[in-house]
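Below: structure-v5.txt (compact mmCIF, C-alpha atoms)
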# COMPACT_ATOMS: atom_id res chain seq x y z
CA MET A 1369 -1.61 -10.87 6.70
CA SER A 1370 -0.23 -9.00 3.68
CA PHE A 1371 -1.57 -5.80 2.23
CA LYS A 1372 -3.39 -6.08 -1.07
CA ASP A 1373 -0.73 -7.01 -3.60
CA PRO A 1374 -0.04 -4.42 -6.29
CA LEU A 1375 -0.50 -5.68 -9.83
CA ASP A 1376 1.88 -4.77 -12.60
CA GLU A 1377 -0.02 -4.75 -15.85
CA ALA A 1378 3.14 -4.50 -17.92
CA SER A 1379 4.97 -7.49 -16.50
CA GLY A 1380 2.09 -9.70 -15.44
CA GLY A 1381 2.48 -8.84 -11.75
CA ILE A 1382 5.07 -7.65 -9.29
CA ALA A 1383 6.05 -8.92 -5.92
CA ALA A 1384 3.98 -7.54 -3.09
CA GLY A 1385 5.85 -4.51 -1.95
CA GLY A 1386 6.44 -3.28 -5.47
CA SER A 1387 5.73 0.36 -6.03
CA LEU A 1388 6.06 2.48 -9.08
CA GLU A 1389 7.79 5.59 -7.99
CA GLY A 1390 7.88 8.99 -9.66
CA GLY A 1391 9.70 10.32 -12.66
CA ALA A 1392 9.90 12.83 -15.45
CA GLU A 1393 10.93 10.03 -17.76
CA GLN A 1394 7.51 8.66 -18.64
CA GLU A 1395 8.38 5.69 -20.82
CA VAL A 1396 7.59 3.24 -18.04
CA GLY A 1397 4.79 5.22 -16.42
CA HIS A 1398 6.48 6.71 -13.33
CA LEU A 1399 4.28 8.26 -10.68
CA PRO A 1400 5.64 9.07 -7.20
CA VAL A 1401 3.42 7.35 -4.63
CA MET A 1402 1.68 9.63 -2.10
CA ALA A 1403 4.01 12.49 -3.05
CA ASP A 1404 1.86 15.21 -1.48
CA GLU A 1405 1.52 13.26 1.77
CA VAL A 1406 5.26 12.54 1.89
CA VAL A 1407 6.19 16.21 1.53
CA GLU A 1408 3.49 17.28 3.98
CA THR A 1409 4.69 14.82 6.63
CA LEU A 1410 8.40 15.41 6.05
CA ALA A 1411 7.80 19.21 6.07
CA PRO A 1412 11.14 20.19 4.47
CA ARG A 1413 12.08 23.83 5.08
CA PRO A 1414 14.41 26.15 3.16
CA GLY A 1415 17.96 25.53 4.28
CA SER A 1416 17.19 22.10 5.76
CA LEU A 1417 19.19 18.91 5.23
CA GLN A 1418 17.15 15.96 3.96
CA ILE A 1419 17.90 12.36 3.05
CA ASP A 1420 16.04 10.30 0.47
CA ALA A 1421 17.56 6.91 1.21
CA THR A 1422 15.76 5.09 -1.64
CA LEU A 1423 15.96 7.32 -4.73
CA GLY A 1424 14.33 5.05 -7.32
CA GLY A 1425 13.19 7.38 -10.09
CA ALA A 1426 13.91 10.49 -7.92
CA GLY A 1427 10.28 11.65 -8.03
CA HIS A 1428 10.10 12.16 -4.28
CA ALA A 1429 13.60 13.65 -4.15
CA GLU A 1430 12.61 16.24 -6.74
CA ARG A 1431 9.57 17.25 -4.71
CA ILE A 1432 11.63 17.50 -1.51
CA LEU A 1433 14.23 19.70 -3.19
CA GLU A 1434 11.51 21.95 -4.58
CA ALA A 1435 9.90 22.29 -1.15
CA SER A 1436 13.23 23.12 0.54
CA ALA A 1437 14.26 25.77 -2.02
CA PRO A 1438 16.26 27.89 -2.37
CA ASP A 1439 19.05 26.40 -0.25
CA GLY A 1440 17.89 23.09 1.21
CA ARG A 1441 20.13 20.14 0.37
CA LEU A 1442 19.36 16.46 -0.15
CA LEU A 1443 21.45 13.33 0.09
CA GLY A 1444 20.06 10.63 -2.19
CA LEU A 1445 20.99 6.96 -1.85
CA ASP A 1446 20.16 3.91 -3.91
CA ALA A 1447 21.79 0.49 -4.06
CA ASP A 1448 21.04 0.36 -7.79
CA GLY A 1449 23.72 2.11 -9.86
CA ALA A 1450 21.29 2.59 -12.75
CA ALA A 1451 18.94 4.49 -10.40
CA ILE A 1452 21.78 6.80 -9.38
CA ALA A 1453 22.57 7.57 -13.03
CA ARG A 1454 18.93 8.35 -13.84
CA SER A 1455 18.53 10.46 -10.71
CA ALA A 1456 21.65 12.44 -11.52
CA ARG A 1457 20.13 13.46 -14.85
CA ARG A 1458 16.76 14.29 -13.34
CA LEU A 1459 18.13 16.30 -10.44
CA ALA A 1460 20.87 18.09 -12.40
CA ARG A 1461 18.95 21.38 -12.29
CA PHE A 1462 19.42 21.51 -8.52
CA GLY A 1463 23.21 21.60 -8.84
CA ASP A 1464 25.14 20.89 -5.63
CA ARG A 1465 21.93 20.91 -3.60
CA ALA A 1466 21.57 17.23 -4.59
CA VAL A 1467 24.31 14.84 -3.43
CA LEU A 1468 23.95 11.28 -4.74
CA ARG A 1469 25.64 8.11 -3.52
CA GLN A 1470 25.31 4.47 -4.54
CA ALA A 1471 24.71 2.64 -1.28
CA ASN A 1472 22.07 0.65 0.56
CA PHE A 1473 20.24 2.62 3.22
CA SER A 1474 21.62 0.21 5.81
CA GLU A 1475 24.95 1.99 5.18
CA LEU A 1476 23.58 5.42 6.12
CA GLY A 1477 25.59 5.50 9.33
CA GLU A 1478 28.82 5.72 7.33
CA VAL A 1479 27.70 7.35 4.09
CA ALA A 1480 25.67 10.27 5.50
CA PRO A 1481 28.37 11.78 7.78
CA ALA A 1482 31.02 11.29 5.09
CA SER A 1483 28.80 13.22 2.67
CA GLY A 1484 28.20 16.17 5.01
CA PHE A 1485 24.86 14.95 6.35
CA GLY A 1486 25.85 13.95 9.87
CA ARG A 1487 22.77 15.62 11.42
CA VAL A 1488 19.66 16.08 9.29
CA ASP A 1489 16.14 17.48 9.43
CA GLY A 1490 14.39 14.71 7.53
CA LEU A 1491 14.87 11.11 6.39
CA PHE A 1492 12.62 9.41 3.87
CA LEU A 1493 12.41 5.71 2.96
CA ASP A 1494 10.30 4.39 0.08
CA LEU A 1495 10.52 0.61 0.35
CA GLY A 1496 8.91 -0.20 -2.99
CA LEU A 1497 10.40 -1.23 -6.30
CA SER A 1498 11.08 1.28 -9.05
CA SER A 1499 9.20 0.85 -12.31
CA TYR A 1500 12.59 1.02 -14.06
CA GLN A 1501 13.64 -2.13 -12.22
CA LEU A 1502 10.43 -3.86 -13.26
CA ALA A 1503 10.87 -2.79 -16.88
CA ASP A 1504 14.44 -4.12 -17.07
CA VAL A 1505 14.05 -7.68 -18.32
CA GLU A 1506 17.61 -8.53 -17.25
CA ARG A 1507 16.78 -8.02 -13.57
CA GLY A 1508 14.00 -10.61 -13.21
CA PHE A 1509 11.64 -8.58 -10.98
CA GLY A 1510 8.59 -8.82 -13.27
CA PHE A 1511 6.85 -12.11 -14.01
CA ARG A 1512 7.29 -11.86 -17.76
CA ALA A 1513 10.90 -10.78 -17.74
CA GLY A 1514 12.82 -12.87 -20.24
CA GLY A 1515 16.26 -12.42 -18.70
CA ARG A 1516 18.00 -14.23 -15.87
CA LEU A 1517 16.21 -14.33 -12.53
CA ASP A 1518 18.49 -11.92 -10.66
CA MET A 1519 16.47 -9.62 -8.32
CA ARG A 1520 19.54 -7.96 -6.77
CA PHE A 1521 19.28 -4.20 -6.28
CA ASP A 1522 23.06 -4.05 -6.50
CA THR A 1523 24.09 -6.59 -9.13
CA SER A 1524 27.71 -6.53 -7.95
CA ARG A 1525 26.91 -8.10 -4.57
CA GLY A 1526 25.58 -11.37 -3.23
CA LEU A 1527 23.66 -14.30 -4.67
CA SER A 1528 20.99 -13.87 -7.32
CA ALA A 1529 17.52 -15.36 -6.99
CA ALA A 1530 18.45 -18.00 -9.58
CA ASP A 1531 21.45 -19.00 -7.44
CA MET A 1532 19.19 -19.43 -4.41
CA LEU A 1533 16.71 -21.55 -6.35
CA ALA A 1534 19.56 -23.72 -7.61
CA THR A 1535 21.23 -24.36 -4.25
CA LEU A 1536 18.74 -24.23 -1.36
CA ALA A 1537 17.12 -27.45 -0.18
CA ALA A 1538 13.35 -27.85 -0.37
CA GLY A 1539 12.95 -27.20 3.36
CA GLU A 1540 15.04 -24.04 3.15
CA LEU A 1541 13.06 -22.74 0.18
CA ALA A 1542 9.76 -23.49 1.91
CA ALA A 1543 10.90 -21.65 5.06
CA LEU A 1544 11.96 -18.67 2.95
CA PHE A 1545 8.59 -18.50 1.15
CA ARG A 1546 6.70 -18.73 4.45
CA ARG A 1547 8.80 -16.20 6.32
CA TYR A 1548 9.14 -13.50 3.67
CA GLY A 1549 6.08 -14.17 1.50
CA GLU A 1550 3.59 -15.63 3.97
CA GLU A 1551 2.91 -18.16 1.22
CA PRO A 1552 0.36 -20.84 2.26
CA PHE A 1553 1.57 -23.31 -0.39
CA ALA A 1554 5.27 -22.85 0.41
CA GLY A 1555 6.05 -26.55 0.80
CA ARG A 1556 4.34 -27.57 -2.43
CA ILE A 1557 6.07 -24.81 -4.40
CA ALA A 1558 9.49 -25.64 -2.92
CA ARG A 1559 9.14 -29.32 -3.77
CA THR A 1560 8.09 -28.46 -7.31
CA ILE A 1561 11.15 -26.22 -7.74
CA VAL A 1562 13.54 -28.90 -6.49
CA GLU A 1563 11.93 -31.56 -8.69
CA THR A 1564 12.07 -29.28 -11.74
CA ARG A 1565 15.69 -28.22 -11.27
CA SER A 1566 16.81 -31.86 -11.17
CA HIS A 1567 16.36 -31.95 -14.93
CA SER A 1568 16.09 -28.26 -15.91
CA PRO A 1569 17.44 -25.20 -14.06
CA VAL A 1570 14.95 -22.48 -13.07
CA GLU A 1571 16.79 -19.42 -14.37
CA THR A 1572 14.24 -16.85 -15.56
CA ALA A 1573 11.38 -14.99 -13.92
CA GLU A 1574 9.03 -16.31 -16.58
CA GLN A 1575 10.00 -19.91 -15.80
CA LEU A 1576 9.46 -19.43 -12.07
CA ALA A 1577 6.09 -17.74 -12.52
CA ALA A 1578 4.86 -20.54 -14.78
CA LEU A 1579 6.14 -23.18 -12.37
CA VAL A 1580 4.30 -21.64 -9.39
CA GLU A 1581 1.17 -21.23 -11.48
CA ARG A 1582 1.19 -24.97 -12.16
CA ALA A 1583 1.96 -25.88 -8.56
CA VAL A 1584 -0.82 -24.01 -6.72
CA PRO A 1585 -4.57 -23.70 -7.18
CA THR A 1586 -5.75 -20.39 -8.61
CA PRO A 1587 -9.20 -19.30 -7.32
CA ARG A 1588 -11.59 -17.92 -9.90
CA GLY A 1589 -11.53 -14.15 -10.05
CA ARG A 1590 -8.09 -13.78 -8.43
CA ARG A 1591 -6.61 -10.37 -9.33
CA THR A 1592 -3.00 -11.13 -8.58
CA HIS A 1593 -0.62 -13.69 -10.04
CA PRO A 1594 -0.21 -16.80 -7.82
CA ALA A 1595 3.58 -16.27 -7.82
CA THR A 1596 3.35 -12.80 -6.24
CA ARG A 1597 4.26 -13.98 -2.73
CA VAL A 1598 7.11 -16.16 -4.00
CA PHE A 1599 8.62 -13.26 -5.93
CA GLN A 1600 8.26 -11.05 -2.85
CA ALA A 1601 10.00 -13.62 -0.65
CA LEU A 1602 12.88 -14.13 -3.06
CA ARG A 1603 13.45 -10.40 -3.51
CA ILE A 1604 13.46 -9.82 0.25
CA ALA A 1605 15.89 -12.68 0.83
CA VAL A 1606 18.23 -11.77 -2.02
CA ASN A 1607 18.54 -8.17 -0.80
CA ASP A 1608 18.26 -8.89 2.96
CA GLU A 1609 15.58 -6.21 2.98
CA LEU A 1610 14.08 -6.65 6.44
CA ALA A 1611 17.41 -6.68 8.27
CA ASN A 1612 18.52 -3.64 6.26
CA LEU A 1613 15.29 -1.87 7.18
CA GLU A 1614 15.89 -2.46 10.88
CA THR A 1615 19.43 -1.10 10.53
CA GLY A 1616 18.25 1.94 8.60
CA LEU A 1617 15.57 2.75 11.16
CA ALA A 1618 18.03 2.50 14.05
CA THR A 1619 20.46 4.79 12.20
CA SER A 1620 17.73 7.40 11.77
CA LEU A 1621 17.85 8.02 15.53
CA VAL A 1622 21.52 8.96 15.25
CA LEU A 1623 21.13 11.18 12.19
CA LEU A 1624 17.94 13.10 12.96
CA ARG A 1625 18.15 16.33 14.90
CA PRO A 1626 15.49 16.98 17.57
CA GLY A 1627 12.43 17.97 15.57
CA GLY A 1628 13.69 16.08 12.52
CA ARG A 1629 11.24 13.74 10.85
CA LEU A 1630 11.32 10.12 9.73
CA VAL A 1631 8.86 9.19 6.96
CA VAL A 1632 8.48 5.64 5.61
CA LEU A 1633 6.38 4.26 2.76
CA SER A 1634 5.91 0.49 3.01
CA TYR A 1635 4.05 -1.87 0.70
CA HIS A 1636 3.45 -5.08 2.61
CA SER A 1637 2.73 -6.10 6.15
CA LEU A 1638 6.21 -7.45 6.93
CA GLU A 1639 7.78 -4.04 6.32
CA ASP A 1640 4.98 -2.06 7.94
CA ARG A 1641 5.06 -4.22 11.06
CA ILE A 1642 8.76 -3.45 11.56
CA VAL A 1643 8.20 0.29 11.09
CA LYS A 1644 5.14 0.36 13.35
CA ARG A 1645 6.87 -1.54 16.16
CA PHE A 1646 10.01 0.57 15.88
CA ILE A 1647 8.10 3.83 16.25
CA ALA A 1648 6.02 2.42 19.12
CA ALA A 1649 9.11 1.18 20.98
CA GLU A 1650 10.95 4.47 20.57
CA GLN A 1651 7.98 6.43 21.89
CA ARG A 1652 8.16 4.61 25.21
CA GLY A 1653 10.31 5.48 28.17
CA CYS A 1654 11.20 2.58 30.42
CA VAL A 1655 11.21 -0.80 28.64
CA CYS A 1656 12.05 -2.90 31.70
CA PRO A 1657 9.98 -6.07 32.24
CA PRO A 1658 6.88 -5.54 34.42
CA GLU A 1659 8.36 -7.65 37.23
CA VAL A 1660 11.30 -5.23 37.69
CA PRO A 1661 10.17 -2.79 40.44
CA ILE A 1662 12.63 0.02 39.57
CA CYS A 1663 13.73 1.12 36.11
CA VAL A 1664 17.22 -0.11 35.33
CA CYS A 1665 17.18 0.30 31.55
CA GLY A 1666 17.42 4.09 31.46
CA HIS A 1667 15.62 4.18 28.13
CA GLN A 1668 14.18 7.55 27.19
CA PRO A 1669 11.64 8.28 24.41
CA THR A 1670 13.36 9.20 21.16
CA LEU A 1671 10.41 9.56 18.77
CA ARG A 1672 6.94 11.06 18.71
CA SER A 1673 4.47 9.46 16.31
CA LEU A 1674 2.90 11.83 13.81
CA GLY A 1675 -0.41 10.00 13.95
CA ARG A 1676 -1.98 6.93 12.44
CA SER A 1677 -0.70 5.43 9.22
CA ARG A 1678 -2.00 6.93 5.98
CA THR A 1679 -2.96 5.27 2.72
CA PRO A 1680 -3.41 6.68 -0.80
CA SER A 1681 -6.58 8.58 -1.63
CA SER A 1682 -9.18 6.92 -3.83
CA GLY A 1683 -8.27 9.43 -6.53
CA GLU A 1684 -4.60 8.40 -6.47
CA VAL A 1685 -5.46 4.70 -6.56
CA ALA A 1686 -7.73 5.33 -9.54
CA ALA A 1687 -4.95 7.22 -11.33
CA ASN A 1688 -2.18 4.86 -10.24
CA PRO A 1689 -3.52 1.41 -9.22
CA ARG A 1690 -0.01 0.31 -8.28
CA SER A 1691 -0.10 2.67 -5.29
CA ARG A 1692 -2.97 0.90 -3.58
CA SER A 1693 -0.86 -1.17 -1.18
CA ALA A 1694 1.17 1.80 0.09
CA ARG A 1695 1.13 2.79 3.74
CA LEU A 1696 2.83 5.88 5.12
CA ARG A 1697 4.05 6.34 8.69
CA GLY A 1698 5.87 9.31 10.19
CA ALA A 1699 7.59 10.18 13.45
CA GLU A 1700 9.45 13.16 14.87
CA ARG A 1701 12.74 12.96 16.76
CA VAL A 1702 12.51 14.27 20.30
CA ALA A 1703 15.33 15.63 22.44
CA ALA A 1704 16.92 13.15 24.83

Take the structure I supplied and represent it as structure tokens, if you would.
Amino acid sequence: MSFKDPLDEASGGIAAGGSLEGGAEQEVGHLPVMADEVVETLAPRPGSLQIDATLGGAGHAERILEASAPDGRLLGLDADGAAIARSARRLARFGDRAVLRQANFSELGEVAPASGFGRVDGLFLDLGLSSYQLADVERGFGFRAGGRLDMRFDTSRGLSAADMLATLAAGELAALFRRYGEEPFAGRIARTIVETRSHSPVETAEQLAALVERAVPTPRGRRTHPATRVFQALRIAVNDELANLETGLATSLVLLRPGGRLVVLSYHSLEDRIVKRFIAAEQRGCVCPPEVPICVCGHQPTLRSLGRSRTPSSGEVAANPRSRSARLRGAERVAA
């Protein structure tokens, strides 16, 4: 079951999991999601080392740097080169306290130590889309984008969404939509795509959205676009998001000092399930099967949960409807 899908009024809808994340540059309506709760849970102190592994518009990074003044430092990562350029401008006032690198958070294990952040006090992941990505018609994230259906965070790597739609068989597309979008009409949509591309390639986000809209029934009063789950699935597949998340979470155990905190904002159930299970597993000691009489795994707890997941306040949702699907989880690293 997915969280309630966020709706992007500007583009006609965004894939579930899309968030609009903070910024001083207001032309596309940036607001950092659950910023107060993120800083409260992360608890950055003066002199601490923090990582924002998903910079986006740098709204959260700015708040973390302010809270860790005067000498706390932050490593900011983003796979999107345009996000790094925007963040560099926004965070310029912090000087060398802000260190920015273009990289996916799955690469933290190499990038963080090489940047002087081998052991840190906090690590933050915001798994949502940036509003800048949605506003860029050449990226294909929003339903009404007129450019090519790309969806890659890093446009220099991998296959685009249009490439996937052009090459995958109907069964492969259906499996992708079911696995990453939990789409109940996956088979019908996949067959429609394959039939359509036989005489006309599906190359833009607008084309795909219209095709899905024709292929599936739309209940009266539905608040989200019928292509929301398909867009979510394609974006996850194109960027290998779930595998990267698992890698990033595992790396956090290596980077966090005892007492350091991991904070994650997720936007749909697939992401949140991975985060929830990871924290639960790392809280346990022995993970041997029940039939093994003596522990042979040697596993020790590595994390302490910081409580139940949190969601945006009603006031934040009213001010920023796109935040309504967000869910925040936190954990603290414990000594081995």

Requested in this report: Within 12 Å of Glu1581 in chain A, counting all atoms listed in the file, which residues show up once you throw out same-chain ones fewer than 3 positions away? Write them as a ChimeraX atom specification, please.
Outcome: /A:1511,1553,1556-1557,1560-1561,1574-1578,1584-1587,1592-1598

Report summary line: As a check of understanding: the span from CA of Arg1565 in chain A to CA of Leu1544 in chain A is 17.5 Å

Query - Among the residues A:Ser1634, A:Gln1600, A:Asn1607, A:Ser1620, the one that comes closest to Arg1546 in chain A [using all atoms listed in the file] - result: A:Gln1600

Query - Å distance separating CA of Ala1611 in chain A from CA of Ser1673 in chain A, one decimal place - result: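 These two atoms are separated by 22.2 Å.
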
Query raised in the report: Which residue gives the smallest distance to Leu1417 in chain A among A:Asp1640, A:Glu1659, A:Asp1489, A:Glu1571, with all atoms listed in the file counted?
Result: A:Asp1489

Query raised in the report: For Pro1626 in chain A, which residue out of A:Ala1466, A:Ala1699, A:Leu1602, A:Ala1450 is the nearest one, using all atoms listed in the file?
Result: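 Going through A:Ala1466, A:Ala1699, A:Leu1602, A:Ala1450 one by one, the smallest distance to Pro1626 in chain A is for A:Ala1699.
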
Query raised in the report: What gap, in Å, lies between CA of Arg1641 in chain A and CA of Ala1538 in chain A?
Result: 27.5 Å

**Report entry** Surrounding residues of Ser1524 in chain A excluding itself and chain neighbours under 6 positions, 12 Å, all atoms listed in the file, as a PyMOL selection string
**Finding:** chain A and resi 1447-1449+1470-1471+1518+1607
